[in-house]
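Visitor: What follows is the file work.csv, containing CSV, C-alpha atoms:
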```csv
chain,number,residue,atom,x,y,z
O,4,MET,CA,0.0,0.0,0.0
O,5,LYS,CA,1.3,3.4,-0.9
O,6,TYR,CA,1.1,6.4,1.4
O,7,LYS,CA,-0.8,9.3,-0.1
O,8,ASP,CA,0.0,12.7,1.3
O,9,TYR,CA,-3.4,14.3,1.2
O,10,TYR,CA,-2.1,17.5,2.8
O,11,GLN,CA,0.3,17.9,0.0
O,12,THR,CA,-2.4,17.2,-2.6
O,13,LEU,CA,-4.6,19.9,-1.2
O,14,ASN,CA,-1.6,22.2,-0.7
O,15,VAL,CA,-2.3,22.9,3.0
O,16,GLU,CA,-0.3,22.5,6.2
O,17,ARG,CA,-1.0,19.6,8.6
O,18,ASP,CA,-2.5,22.0,11.1
O,19,ALA,CA,-4.7,23.9,8.6
O,20,SER,CA,-8.2,24.6,9.9
O,21,GLN,CA,-11.2,22.9,8.3
O,22,GLU,CA,-12.1,26.2,6.7
O,23,ASP,CA,-8.6,26.4,5.1
O,24,VAL,CA,-8.9,22.8,3.8
O,25,LYS,CA,-12.2,23.6,2.2
O,26,ARG,CA,-11.0,26.8,0.7
O,27,SER,CA,-7.9,25.3,-0.7
O,28,TYR,CA,-9.9,22.3,-2.1
O,29,ARG,CA,-12.4,24.6,-3.8
O,30,LYS,CA,-9.7,26.8,-5.3
O,31,LEU,CA,-7.8,23.8,-6.7
O,32,ALA,CA,-11.0,22.1,-7.9
O,33,ARG,CA,-11.9,25.2,-9.9
O,34,LYS,CA,-8.5,25.1,-11.4
O,35,TYR,CA,-8.5,21.4,-12.3
O,36,HIS,CA,-12.1,20.6,-12.9
O,37,PRO,CA,-12.2,18.7,-16.3
O,38,ASP,CA,-15.1,20.8,-17.5
O,39,VAL,CA,-13.2,24.0,-17.0
O,40,SER,CA,-9.6,23.2,-17.4
O,41,LYS,CA,-7.9,22.3,-20.7
O,42,LEU,CA,-4.8,20.9,-19.0
O,43,PRO,CA,-4.1,17.4,-20.2
O,44,ASP,CA,-3.8,16.0,-16.7
O,45,ALA,CA,-6.8,17.9,-15.3
O,46,GLU,CA,-9.0,14.8,-14.9
O,47,ASP,CA,-6.4,12.9,-12.8
O,48,ARG,CA,-5.6,15.9,-10.7
O,49,PHE,CA,-9.2,16.5,-10.0
O,50,LYS,CA,-9.7,12.9,-8.9
O,51,GLU,CA,-6.8,13.1,-6.6
O,52,LEU,CA,-8.2,16.3,-5.1
O,53,GLY,CA,-11.6,14.7,-4.6
O,54,GLU,CA,-10.0,11.7,-2.8
O,55,ALA,CA,-7.9,13.9,-0.6
O,56,TYR,CA,-10.9,16.2,0.3
O,57,ASP,CA,-13.1,13.2,1.0
O,58,VAL,CA,-10.7,12.4,3.9
O,59,LEU,CA,-9.4,15.8,5.0
O,60,GLY,CA,-12.8,17.5,4.6
O,61,ASP,CA,-14.3,15.3,7.1
O,62,PRO,CA,-13.0,16.0,10.6
O,63,GLU,CA,-13.4,12.3,11.7
O,64,LYS,CA,-11.7,10.8,8.8
O,65,ARG,CA,-9.0,13.5,9.0
O,66,ALA,CA,-8.3,12.6,12.6
O,67,ALA,CA,-8.0,8.9,11.7
O,68,TYR,CA,-5.7,9.8,8.8
O,69,ASP,CA,-3.6,11.9,11.1
O,70,ARG,CA,-3.1,8.9,13.3
O,71,MET,CA,-1.0,7.3,10.5
O,72,GLY,CA,1.6,9.7,11.6
O,73,SER,CA,3.2,12.6,9.7
O,74,GLU,CA,6.6,11.0,8.8
O,75,TRP,CA,5.3,9.2,5.7
O,76,ARG,CA,6.2,10.6,2.3
O,77,ASN,CA,4.0,10.6,-0.7
O,78,GLY,CA,4.2,7.3,-2.6
O,79,GLN,CA,6.1,5.5,0.1
O,80,ASP,CA,5.2,1.9,0.9
O,81,PHE,CA,3.6,1.8,4.3
O,82,GLU,CA,1.6,-0.4,6.6
O,83,PRO,CA,-0.9,1.4,8.8
O,84,PRO,CA,0.1,1.2,12.5
O,85,PRO,CA,-1.9,-1.4,14.5
O,86,ASN,CA,-5.1,0.0,16.1
O,87,TRP,CA,-4.9,3.2,14.0
O,88,ASP,CA,-8.6,3.3,14.0
O,89,GLU,CA,-9.1,2.6,17.7
O,90,GLY,CA,-11.3,4.9,19.6
O,91,PHE,CA,-12.9,6.6,16.7
O,92,GLU,CA,-16.6,6.6,16.3
O,93,PHE,CA,-17.5,7.4,12.8
O,94,ARG,CA,-20.8,9.0,12.1
O,95,GLY,CA,-21.1,6.7,9.1
O,96,ALA,CA,-21.3,9.5,6.5
O,97,GLY,CA,-20.9,7.8,3.2
O,98,ASN,CA,-21.2,4.5,4.9
O,99,GLN,CA,-24.2,2.2,4.6
O,100,ALA,CA,-26.8,3.1,7.2
O,101,GLY,CA,-27.3,0.6,10.1
O,102,GLY,CA,-24.9,-1.9,11.5
O,103,GLN,CA,-21.5,-1.3,13.0
O,104,PRO,CA,-19.3,1.1,11.3
O,105,ASP,CA,-16.9,-0.8,9.1
O,106,PHE,CA,-13.4,0.6,9.7
O,107,HIS,CA,-11.9,-1.5,7.0
O,108,ASP,CA,-14.4,0.0,4.6
O,109,ILE,CA,-13.6,3.5,5.6
O,110,PHE,CA,-9.9,2.7,5.4
O,111,GLU,CA,-10.4,1.4,1.8
O,112,LYS,CA,-12.4,4.5,1.1
O,113,MET,CA,-9.4,6.6,2.3
O,114,PHE,CA,-6.8,4.7,0.3
O,115,GLY,CA,-8.5,2.6,-2.3
O,116,GLY,CA,-9.4,5.3,-4.7
O,117,ALA,CA,-13.1,4.6,-4.2
O,118,HIS,CA,-14.1,8.3,-4.7
O,119,GLY,CA,-17.1,8.6,-6.9
O,120,ALA,CA,-18.2,5.0,-6.6
O,121,HIS,CA,-21.3,5.4,-4.6
O,122,ALA,CA,-23.8,2.6,-4.3
O,123,ARG,CA,-27.1,4.3,-4.9
O,124,GLN,CA,-30.2,3.0,-3.3
O,125,ARG,CA,-32.5,1.7,-6.0
O,126,PRO,CA,-36.0,0.3,-6.0
O,127,VAL,CA,-36.0,-3.5,-6.0
O,128,ASP,CA,-36.8,-4.4,-9.6
O,129,ALA,CA,-35.3,-1.5,-11.4
O,130,ARG,CA,-33.4,-1.2,-14.6
O,131,GLY,CA,-29.6,-1.0,-14.2
O,132,GLU,CA,-27.9,2.3,-14.0
O,133,ASP,CA,-26.6,4.0,-17.1
O,134,HIS,CA,-22.9,4.4,-17.0
O,135,HIS,CA,-20.6,7.0,-18.6
O,136,ALA,CA,-17.0,7.0,-19.8
O,137,LYS,CA,-14.9,9.3,-21.8
O,138,VAL,CA,-12.9,7.9,-24.7
O,139,LEU,CA,-10.3,9.4,-27.0
O,140,ILE,CA,-10.4,8.5,-30.7
O,141,ASP,CA,-8.4,9.6,-33.7
O,142,LEU,CA,-9.9,12.0,-36.1
O,143,GLU,CA,-9.3,9.5,-38.9
O,144,ASP,CA,-11.6,7.0,-37.0
O,145,SER,CA,-14.5,9.4,-37.4
O,146,TYR,CA,-13.7,10.0,-41.1
O,147,ARG,CA,-13.6,6.3,-42.0
O,148,GLY,CA,-15.4,4.5,-39.2
O,149,ALA,CA,-13.2,2.1,-37.2
O,150,GLN,CA,-13.2,-0.9,-34.9
O,151,ARG,CA,-11.4,-0.2,-31.6
O,152,SER,CA,-10.6,-2.0,-28.3
O,153,ILE,CA,-11.3,0.4,-25.5
O,154,SER,CA,-10.1,-0.1,-21.9
O,155,LEU,CA,-12.2,1.3,-19.1
O,156,GLN,CA,-11.5,1.5,-15.4
O,157,VAL,CA,-14.6,0.3,-13.6
O,158,PRO,CA,-15.1,0.5,-9.8
O,159,VAL,CA,-16.4,-2.8,-8.6
O,160,MET,CA,-18.0,-3.3,-5.2
O,161,ASP,CA,-17.9,-6.7,-3.6
O,162,ALA,CA,-20.5,-8.2,-1.2
O,163,GLN,CA,-18.8,-6.5,1.7
O,164,GLY,CA,-19.0,-3.2,0.1
O,165,HIS,CA,-15.3,-2.9,-0.7
O,166,VAL,CA,-14.4,-1.1,-3.8
O,167,SER,CA,-11.6,-1.8,-6.2
O,168,LEU,CA,-10.8,-0.8,-9.8
O,169,GLU,CA,-11.0,-3.4,-12.6
O,170,THR,CA,-10.1,-3.0,-16.2
O,171,ARG,CA,-12.8,-3.8,-18.7
O,172,THR,CA,-12.0,-4.1,-22.3
O,173,LEU,CA,-14.7,-3.4,-24.9
O,174,ASN,CA,-14.5,-3.9,-28.6
O,175,VAL,CA,-16.5,-1.1,-30.1
O,176,THR,CA,-17.4,0.0,-33.6
O,177,ILE,CA,-16.7,3.7,-34.0
O,178,PRO,CA,-19.4,5.0,-36.4
O,179,LYS,CA,-18.3,7.2,-39.2
O,180,GLY,CA,-19.1,10.8,-38.6
O,181,ILE,CA,-19.1,10.9,-34.8
O,182,ARG,CA,-18.0,14.2,-33.4
O,183,ALA,CA,-16.2,15.3,-30.3
O,184,GLY,CA,-18.7,15.9,-27.5
O,185,GLN,CA,-21.2,13.4,-28.8
O,186,HIS,CA,-22.1,10.3,-26.9
O,187,LEU,CA,-22.1,6.8,-28.3
O,188,ARG,CA,-24.8,4.7,-26.6
O,189,LEU,CA,-24.0,1.0,-26.1
O,190,SER,CA,-27.3,-0.7,-25.1
O,191,GLY,CA,-27.1,-3.1,-22.2
O,192,GLN,CA,-23.5,-2.4,-21.4
O,193,GLY,CA,-24.2,-0.3,-18.2
O,194,GLY,CA,-24.9,-1.4,-14.7
O,195,ALA,CA,-26.6,-4.8,-14.2
O,196,GLY,CA,-30.3,-4.7,-13.6
O,197,THR,CA,-32.1,-6.9,-11.1
O,198,THR,CA,-33.4,-9.2,-13.8
O,199,LEU,CA,-32.1,-10.4,-17.1
O,200,GLY,CA,-32.3,-7.9,-19.9
O,201,THR,CA,-32.7,-4.9,-17.7
O,202,ALA,CA,-29.0,-3.8,-17.7
O,203,GLY,CA,-28.5,0.0,-18.1
O,204,ASP,CA,-26.7,1.5,-21.1
O,205,LEU,CA,-23.1,2.6,-21.4
O,206,TYR,CA,-22.6,6.1,-22.8
O,207,LEU,CA,-19.1,6.9,-24.3
O,208,GLU,CA,-18.4,10.6,-24.5
O,209,ILE,CA,-16.2,11.0,-27.6
O,210,ALA,CA,-13.2,13.3,-27.8
O,211,PHE,CA,-10.5,13.5,-30.4
O,212,ARG,CA,-6.8,13.1,-29.7
O,213,GLU,CA,-4.7,16.1,-30.6
O,214,HIS,CA,-3.7,15.9,-34.2
O,215,PRO,CA,-0.4,17.3,-35.3
O,216,ARG,CA,-1.9,18.6,-38.6
O,217,PHE,CA,-5.7,19.0,-38.3
O,218,GLN,CA,-7.7,21.2,-35.9
O,219,VAL,CA,-11.3,20.3,-35.3
O,220,ASP,CA,-14.1,22.7,-34.4
O,221,GLY,CA,-17.4,20.9,-34.3
O,222,ARG,CA,-17.9,19.5,-37.8
O,223,ASP,CA,-15.3,21.7,-39.4
O,224,VAL,CA,-11.7,20.8,-39.7
O,225,SER,CA,-8.8,23.2,-40.6
O,226,LEU,CA,-5.3,22.6,-41.8
O,227,GLU,CA,-2.4,24.9,-42.5
O,228,LEU,CA,-0.9,24.2,-45.9
O,229,PRO,CA,2.6,25.4,-46.8
O,230,VAL,CA,2.8,26.9,-50.4
O,231,ALA,CA,5.7,28.4,-52.4
O,232,PRO,CA,5.4,32.1,-53.2
O,233,TRP,CA,4.9,31.3,-56.9
O,234,GLU,CA,2.1,28.9,-56.2
O,235,ALA,CA,0.3,31.6,-54.3
O,236,ALA,CA,1.1,34.3,-56.9
O,237,LEU,CA,0.4,32.3,-60.0
O,238,GLY,CA,-2.1,29.8,-58.8
O,239,ALA,CA,-1.6,26.1,-58.6
O,240,GLN,CA,-3.2,22.7,-58.3
O,241,ILE,CA,-2.2,21.1,-55.0
O,242,ALA,CA,-2.9,17.8,-53.4
O,243,VAL,CA,-4.2,18.5,-49.9
O,244,PRO,CA,-4.1,15.8,-47.3
O,245,THR,CA,-7.4,15.1,-45.5
O,246,PRO,CA,-7.9,12.6,-42.6
O,247,ASP,CA,-9.2,10.3,-45.3
O,248,GLY,CA,-6.9,10.5,-48.3
O,249,SER,CA,-5.9,13.5,-50.3
O,250,VAL,CA,-7.9,15.8,-52.5
O,251,GLU,CA,-6.9,18.1,-55.4
O,252,MET,CA,-7.4,21.8,-54.6
O,253,THR,CA,-7.0,24.9,-56.8
O,254,VAL,CA,-5.1,27.7,-55.2
O,255,PRO,CA,-6.3,30.8,-57.0
O,256,ALA,CA,-3.7,33.1,-58.6
O,257,GLY,CA,-3.0,36.2,-56.4
O,258,SER,CA,-3.6,34.4,-53.1
O,259,SER,CA,-2.0,36.0,-50.0
O,260,GLY,CA,-0.6,34.3,-46.9
O,261,GLY,CA,-3.3,33.3,-44.4
O,262,ARG,CA,-6.0,33.0,-47.0
O,263,ARG,CA,-8.7,30.5,-46.0
O,264,LEU,CA,-9.9,28.2,-48.7
O,265,ARG,CA,-12.9,26.0,-48.1
O,266,LEU,CA,-13.3,22.5,-49.3
O,267,LYS,CA,-17.0,22.0,-48.9
O,268,GLY,CA,-18.1,18.7,-47.3
O,269,LYS,CA,-14.6,17.6,-46.5
O,270,GLY,CA,-14.9,18.1,-42.8
O,271,VAL,CA,-16.3,15.5,-40.4
O,272,PRO,CA,-18.5,13.3,-42.6
O,273,ALA,CA,-21.7,13.5,-40.5
O,274,SER,CA,-25.2,13.5,-42.0
O,275,GLN,CA,-24.6,17.1,-42.7
O,276,PRO,CA,-20.8,17.0,-43.3
O,277,GLY,CA,-18.6,19.7,-42.1
O,278,ASP,CA,-16.1,21.7,-44.2
O,279,LEU,CA,-12.3,21.5,-44.5
O,280,TYR,CA,-10.6,24.9,-44.3
O,281,VAL,CA,-7.2,25.1,-45.8
O,282,ILE,CA,-5.1,28.1,-44.6
O,283,LEU,CA,-2.3,29.1,-46.9
O,284,ASN,CA,1.1,29.5,-45.3
O,285,ILE,CA,3.6,31.0,-47.8
O,286,VAL,CA,7.0,29.5,-47.2
O,287,LEU,CA,10.1,31.3,-48.7
O,288,PRO,CA,12.8,29.2,-50.2
O,289,PRO,CA,16.2,29.9,-48.6
O,290,ALA,CA,18.7,32.1,-50.6
O,291,ASP,CA,21.5,29.6,-50.1
O,292,SER,CA,23.1,29.3,-53.5
O,293,ASP,CA,24.3,31.7,-56.2
O,294,SER,CA,21.3,30.9,-58.5
O,295,ALA,CA,18.8,31.4,-55.6
O,296,LYS,CA,20.4,34.7,-54.7
O,297,ALA,CA,20.3,35.7,-58.3
O,298,ALA,CA,16.6,34.8,-58.5
O,299,TYR,CA,15.8,37.0,-55.4
O,300,GLY,CA,17.8,39.7,-57.1
O,301,ALA,CA,15.8,39.4,-60.3
O,302,MET,CA,12.6,39.7,-58.2
O,303,GLN,CA,13.8,42.8,-56.6
O,304,GLN,CA,14.6,44.3,-60.0
O,305,ALA,CA,11.3,43.2,-61.5
O,306,PHE,CA,9.1,44.6,-58.8
O,307,ASN,CA,8.7,48.1,-57.6
O,308,PHE,CA,7.5,46.6,-54.4
O,309,ASP,CA,7.4,48.2,-50.9
O,310,PRO,CA,5.9,45.8,-48.4
O,311,ARG,CA,5.6,48.7,-45.9
O,312,ALA,CA,3.9,51.2,-48.3
O,313,HIS,CA,0.8,51.3,-46.1
O,314,PHE,CA,2.5,50.4,-42.9
O,315,TYR,CA,3.2,53.8,-41.3
O,316,ARG,CA,0.2,56.1,-41.0
P,26,MET,CA,-13.5,-13.9,-34.2
P,27,THR,CA,-13.9,-10.7,-32.3
P,28,THR,CA,-17.3,-9.1,-32.3
P,29,TYR,CA,-17.6,-5.4,-32.1
P,30,LEU,CA,-20.4,-3.7,-30.3
P,31,GLN,CA,-22.5,-1.4,-32.4
P,32,GLY,CA,-23.5,1.8,-30.7
P,33,HIS,CA,-25.9,4.6,-31.5
P,34,ILE,CA,-24.7,8.2,-31.8
P,35,VAL,CA,-26.8,10.3,-29.4
P,36,ASP,CA,-27.4,13.3,-31.8
P,37,GLU,CA,-30.3,15.6,-32.8
P,38,SER,CA,-32.2,12.6,-34.1
P,39,ILE,CA,-32.7,11.2,-30.6
P,40,GLU,CA,-35.1,12.6,-28.1
P,41,PHE,CA,-35.3,12.1,-24.4
P,42,THR,CA,-38.3,12.6,-22.1
P,43,LEU,CA,-37.6,14.1,-18.7
P,44,VAL,CA,-37.6,10.7,-17.1
P,45,GLU,CA,-35.2,9.3,-19.7
P,46,LEU,CA,-32.8,12.2,-19.5
P,47,SER,CA,-32.7,11.8,-15.7
P,48,GLN,CA,-31.9,8.1,-16.0
P,49,VAL,CA,-29.3,8.7,-18.7
P,50,SER,CA,-27.5,11.7,-17.2
P,51,GLY,CA,-27.8,10.9,-13.5
P,52,ALA,CA,-29.3,14.3,-12.8
P,53,SER,CA,-32.5,14.3,-10.9
P,54,GLU,CA,-35.8,15.3,-12.5
P,55,GLU,CA,-36.0,18.2,-10.0
P,56,GLU,CA,-32.5,19.5,-11.0
P,57,LEU,CA,-33.4,19.2,-14.7
P,58,THR,CA,-36.7,21.1,-14.2
P,59,LEU,CA,-34.8,23.9,-12.3
P,60,TRP,CA,-32.3,24.1,-15.1
P,61,VAL,CA,-35.0,24.3,-17.7
P,62,SER,CA,-36.6,27.2,-15.8
P,63,GLU,CA,-33.2,29.0,-15.9
P,64,GLY,CA,-33.1,28.4,-19.7
P,65,VAL,CA,-30.1,26.1,-19.6
P,66,PHE,CA,-32.0,23.7,-21.8
P,67,GLU,CA,-35.0,24.4,-24.1
P,68,PRO,CA,-37.0,21.2,-24.5
P,69,LYS,CA,-39.8,21.0,-27.0
P,70,GLY,CA,-43.3,20.8,-25.4
P,71,GLU,CA,-45.2,22.8,-22.8
P,72,ARG,CA,-45.6,20.8,-19.6
P,73,PRO,CA,-42.8,18.7,-18.1
P,74,GLN,CA,-44.6,15.5,-19.1
P,75,GLU,CA,-44.5,16.6,-22.7
P,76,TRP,CA,-40.9,17.8,-22.7
P,77,ARG,CA,-38.6,16.3,-25.3
P,78,PHE,CA,-34.9,17.0,-25.0
P,79,SER,CA,-32.6,16.8,-28.0
P,80,GLY,CA,-29.9,14.1,-27.8
P,81,ALA,CA,-27.4,16.8,-28.6
P,82,ALA,CA,-28.2,18.3,-25.1
P,83,LEU,CA,-26.7,15.3,-23.3
P,84,GLN,CA,-23.2,16.7,-23.1
P,85,ARG,CA,-24.5,20.0,-21.6
P,86,VAL,CA,-26.6,18.1,-19.1
P,87,ARG,CA,-23.6,16.0,-18.0
P,88,THR,CA,-21.5,19.1,-17.6
P,89,ALA,CA,-24.3,20.9,-15.7
P,90,GLN,CA,-24.6,17.9,-13.4
P,91,ARG,CA,-20.8,17.7,-12.7
P,92,LEU,CA,-20.6,21.4,-12.0
P,93,ALA,CA,-23.6,21.4,-9.7
P,94,ARG,CA,-22.3,18.4,-7.8
P,95,ASP,CA,-18.6,19.3,-7.6
P,96,PHE,CA,-19.0,23.0,-6.7
P,97,GLU,CA,-22.5,23.0,-5.1
P,98,ILE,CA,-23.7,25.6,-7.7
P,99,ASN,CA,-27.3,26.6,-7.7
P,100,PRO,CA,-29.3,26.6,-11.0
P,101,PRO,CA,-28.8,30.2,-11.9
P,102,GLY,CA,-25.0,29.7,-11.3
P,103,VAL,CA,-25.0,26.6,-13.4
P,104,ALA,CA,-26.7,28.5,-16.2
P,105,LEU,CA,-24.1,31.3,-15.9
P,106,VAL,CA,-21.1,28.9,-15.9
P,107,LEU,CA,-22.4,27.0,-19.0
P,108,ASP,CA,-22.9,30.2,-20.9
P,109,LEU,CA,-19.4,31.4,-19.9
P,110,LEU,CA,-17.9,28.0,-20.9
P,111,ASP,CA,-19.6,28.3,-24.3
P,112,GLU,CA,-18.1,31.7,-24.8
P,113,ILE,CA,-14.6,30.5,-23.7
P,114,ASP,CA,-14.9,27.6,-26.2
P,115,SER,CA,-15.7,29.9,-29.1
P,116,LEU,CA,-12.9,32.3,-28.1
P,117,ARG,CA,-10.5,29.4,-27.9
P,118,SER,CA,-11.3,28.2,-31.3
P,119,ARG,CA,-11.2,31.7,-32.7
P,120,ALA,CA,-7.7,32.1,-31.1
P,121,LYS,CA,-6.7,28.8,-32.7
P,122,ARG,CA,-7.9,30.0,-36.1
P,123,LEU,CA,-6.0,33.3,-35.8
P,124,ARG,CA,-2.8,31.5,-34.8
P,125,GLY,CA,-3.2,29.2,-37.8
P,126,GLY,CA,-3.8,32.1,-40.2
```
What does this structure look like when you write it as structure tokens?

Guide:
Amino acid sequence: MKYKDYYQTLNVERDASQEDVKRSYRKLARKYHPDVSKLPDAEDRFKELGEAYDVLGDPEKRAAYDRMGSEWRNGQDFEPPPNWDEGFEFRGAGNQAGGQPDFHDIFEKMFGGAHGAHARQRPVDARGEDHHAKVLIDLEDSYRGAQRSISLQVPVMDAQGHVSLETRTLNVTIPKGIRAGQHLRLSGQGGAGTTLGTAGDLYLEIAFREHPRFQVDGRDVSLELPVAPWEAALGAQIAVPTPDGSVEMTVPAGSSGGRRLRLKGKGVPASQPGDLYVILNIVLPPADSDSAKAAYGAMQQAFNFDPRAHFYR
Amino acid sequence: MTTYLQGHIVDESIEFTLVELSQVSGASEEELTLWVSEGVFEPKGERPQEWRFSGAALQRVRTAQRLARDFEINPPGVALVLDLLDEIDSLRSRAKRLRGG
């Protein structure tokens, strides 16, 4: 078992007041909440915060946690001292009502990463709960459709109410045209129901992995395309890569850098497909040989061109 | 041979009733009703029993539910945060476009 320094996670001193613990938690939670933050590790950070606050935010659990001693460091292997939980009467918040408080359960709750896995009371013969998970797919998968194996971490509760994480692998068909932010519903793959055939559904919220070349905005996709000065000036036929093969595009003569050209219907191929925007980026060839220098010299002679003619006003 | 699960995209073509949306999103019917009264969602239909929510609203409902739970935000606050998040999203993608251009 690894020691987790919840005080360090919440960025408070060990003698911080409950008010300070709450304030620091709220402040960090606003910063790392996955719906608000765009940091890549926001989700993990937020989970760690929740777990730490679950313990330190509750004076009873905090006192029990403090009994572990303060000499442990984050990530260190440790065994809880014997009788660490002696003499604590837990109110049973978050615990099942009735019966003796289960210290082991509370301990697991403190160290087993059980945050968020609450057993909800349900009427007896109800349909299973609908479950949610977020999955990352490649933009190409949405363009072509794909078959993918997806690993999900599932909190599983045993008969004693102890929670552990299990990995569940699902083979899923990614339908062509799915967009970031949309959900994919997998019937009957959610929580088990009380009778056969009443399992809940699993909803996968789709997000795209960052792509080195393409930017996605809803259905529309954009791409920066390097072009030579003469291609922009004289016009050209250019093969443009898309997430599904390349397409021929005409660059009109007299194009300037930063010009946005639209390839209609070449965005995410939904029922109403999006567009692909190609942004021209004019790249200058280096003047690294005599003939190249001569060519730039010839340009200078040929043009009476002042790029700053309208610059100072 | 591996079999692959076939899913359904929850998009505009799918409609949820209040009860269904509550089951799917994990938000209670009371919460959903309060959010509707704040204009966070605009279901079709007059009375709550007749409400039909677009499948496209699911992401927003999930976000609303997480915000309400994690920060204890009341319905007007949830409405405000969602509007601000929408605005930040559109500013972010505008900033991306400008950088690209």

Visitor: Using only C-alpha atoms, find the residues of chain O whose closest atom to chain P is at most 9 Å away, then write them as a VMD selection string.

Guide: chain O and resid 29 32 to 33 36 38 to 39 53 132 to 135 150 to 152 173 to 178 181 184 to 190 203 to 204 206 208 218 to 220 225 to 227 260 to 263 282 to 284

Visitor: Output C-alpha atoms of each residue in that selection to a file, as a compact mmCIF listing (two decimals), keeping the file's coordinate frame.

Guide:
```txt
# COMPACT_ATOMS: atom_id res chain seq x y z
CA ARG O 29 -12.40 24.60 -3.80
CA ALA O 32 -11.00 22.10 -7.90
CA ARG O 33 -11.90 25.20 -9.90
CA HIS O 36 -12.10 20.60 -12.90
CA ASP O 38 -15.10 20.80 -17.50
CA VAL O 39 -13.20 24.00 -17.00
CA GLY O 53 -11.60 14.70 -4.60
CA GLU O 132 -27.90 2.30 -14.00
CA ASP O 133 -26.60 4.00 -17.10
CA HIS O 134 -22.90 4.40 -17.00
CA HIS O 135 -20.60 7.00 -18.60
CA GLN O 150 -13.20 -0.90 -34.90
CA ARG O 151 -11.40 -0.20 -31.60
CA SER O 152 -10.60 -2.00 -28.30
CA LEU O 173 -14.70 -3.40 -24.90
CA ASN O 174 -14.50 -3.90 -28.60
CA VAL O 175 -16.50 -1.10 -30.10
CA THR O 176 -17.40 0.00 -33.60
CA ILE O 177 -16.70 3.70 -34.00
CA PRO O 178 -19.40 5.00 -36.40
CA ILE O 181 -19.10 10.90 -34.80
CA GLY O 184 -18.70 15.90 -27.50
CA GLN O 185 -21.20 13.40 -28.80
CA HIS O 186 -22.10 10.30 -26.90
CA LEU O 187 -22.10 6.80 -28.30
CA ARG O 188 -24.80 4.70 -26.60
CA LEU O 189 -24.00 1.00 -26.10
CA SER O 190 -27.30 -0.70 -25.10
CA GLY O 203 -28.50 0.00 -18.10
CA ASP O 204 -26.70 1.50 -21.10
CA TYR O 206 -22.60 6.10 -22.80
CA GLU O 208 -18.40 10.60 -24.50
CA GLN O 218 -7.70 21.20 -35.90
CA VAL O 219 -11.30 20.30 -35.30
CA ASP O 220 -14.10 22.70 -34.40
CA SER O 225 -8.80 23.20 -40.60
CA LEU O 226 -5.30 22.60 -41.80
CA GLU O 227 -2.40 24.90 -42.50
CA GLY O 260 -0.60 34.30 -46.90
CA GLY O 261 -3.30 33.30 -44.40
CA ARG O 262 -6.00 33.00 -47.00
CA ARG O 263 -8.70 30.50 -46.00
CA ILE O 282 -5.10 28.10 -44.60
CA LEU O 283 -2.30 29.10 -46.90
CA ASN O 284 1.10 29.50 -45.30
```

Visitor: Would you kindly identify which residues have an atom no farther than 12 Å from (-46.8, 12.6, -15.4), using all atoms listed in the file and the file's own coordinates, and write them out as a list in words?

Guide: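 Those residues lying close to the given coordinates are Thr42, Leu43, Val44, Glu54, Arg72, Pro73, Gln74, Glu75 and Trp76 of chain P.
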
Visitor: Using only C-alpha atoms for the distances, tell me which of O:Ala149, O:Val243, O:Leu52, O:Ala162 is nearest to Arg265 (chain O).

Guide: O:Val243

Visitor: With all atoms listed in the file as the counted atoms, please give the residues lying no more than 12 Å from Leu266 (chain O), apart from itself and same-chain residues fewer than 3 positions off, as a ChimeraX atom specification.

Guide: /O:223-226,243-245,249-254,263,269-271,276-282

Visitor: Atoms to include: C-alpha atoms. Write the selected residues as an mmCIF file, keeping the file's coordinate frame.

Guide:
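Okay, this is what ended up in result18.cif:
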```
data_model
loop_
_atom_site.group_PDB
_atom_site.id
_atom_site.type_symbol
_atom_site.label_atom_id
_atom_site.label_comp_id
_atom_site.auth_asym_id
_atom_site.auth_seq_id
_atom_site.Cartn_x
_atom_site.Cartn_y
_atom_site.Cartn_z
ATOM 1 C CA ASP O 223 -15.300 21.700 -39.400
ATOM 2 C CA VAL O 224 -11.700 20.800 -39.700
ATOM 3 C CA SER O 225 -8.800 23.200 -40.600
ATOM 4 C CA LEU O 226 -5.300 22.600 -41.800
ATOM 5 C CA VAL O 243 -4.200 18.500 -49.900
ATOM 6 C CA PRO O 244 -4.100 15.800 -47.300
ATOM 7 C CA THR O 245 -7.400 15.100 -45.500
ATOM 8 C CA SER O 249 -5.900 13.500 -50.300
ATOM 9 C CA VAL O 250 -7.900 15.800 -52.500
ATOM 10 C CA GLU O 251 -6.900 18.100 -55.400
ATOM 11 C CA MET O 252 -7.400 21.800 -54.600
ATOM 12 C CA THR O 253 -7.000 24.900 -56.800
ATOM 13 C CA VAL O 254 -5.100 27.700 -55.200
ATOM 14 C CA ARG O 263 -8.700 30.500 -46.000
ATOM 15 C CA LYS O 269 -14.600 17.600 -46.500
ATOM 16 C CA GLY O 270 -14.900 18.100 -42.800
ATOM 17 C CA VAL O 271 -16.300 15.500 -40.400
ATOM 18 C CA PRO O 276 -20.800 17.000 -43.300
ATOM 19 C CA GLY O 277 -18.600 19.700 -42.100
ATOM 20 C CA ASP O 278 -16.100 21.700 -44.200
ATOM 21 C CA LEU O 279 -12.300 21.500 -44.500
ATOM 22 C CA TYR O 280 -10.600 24.900 -44.300
ATOM 23 C CA VAL O 281 -7.200 25.100 -45.800
ATOM 24 C CA ILE O 282 -5.100 28.100 -44.600
#
```

Visitor: For a test of reading the model, state the distance in Å between CA of Glu71 (chain P) and CA of Val103 (chain P), rounded to one decimal.

Guide: 22.6 Å

Visitor: Between CA of Val15 (chain O) and CA of Arg94 (chain P), what is the distance in Å, rounded to a tenth?

Guide: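 CA of Arg94 (chain P) lies 23.2 Å from CA of Val15 (chain O).
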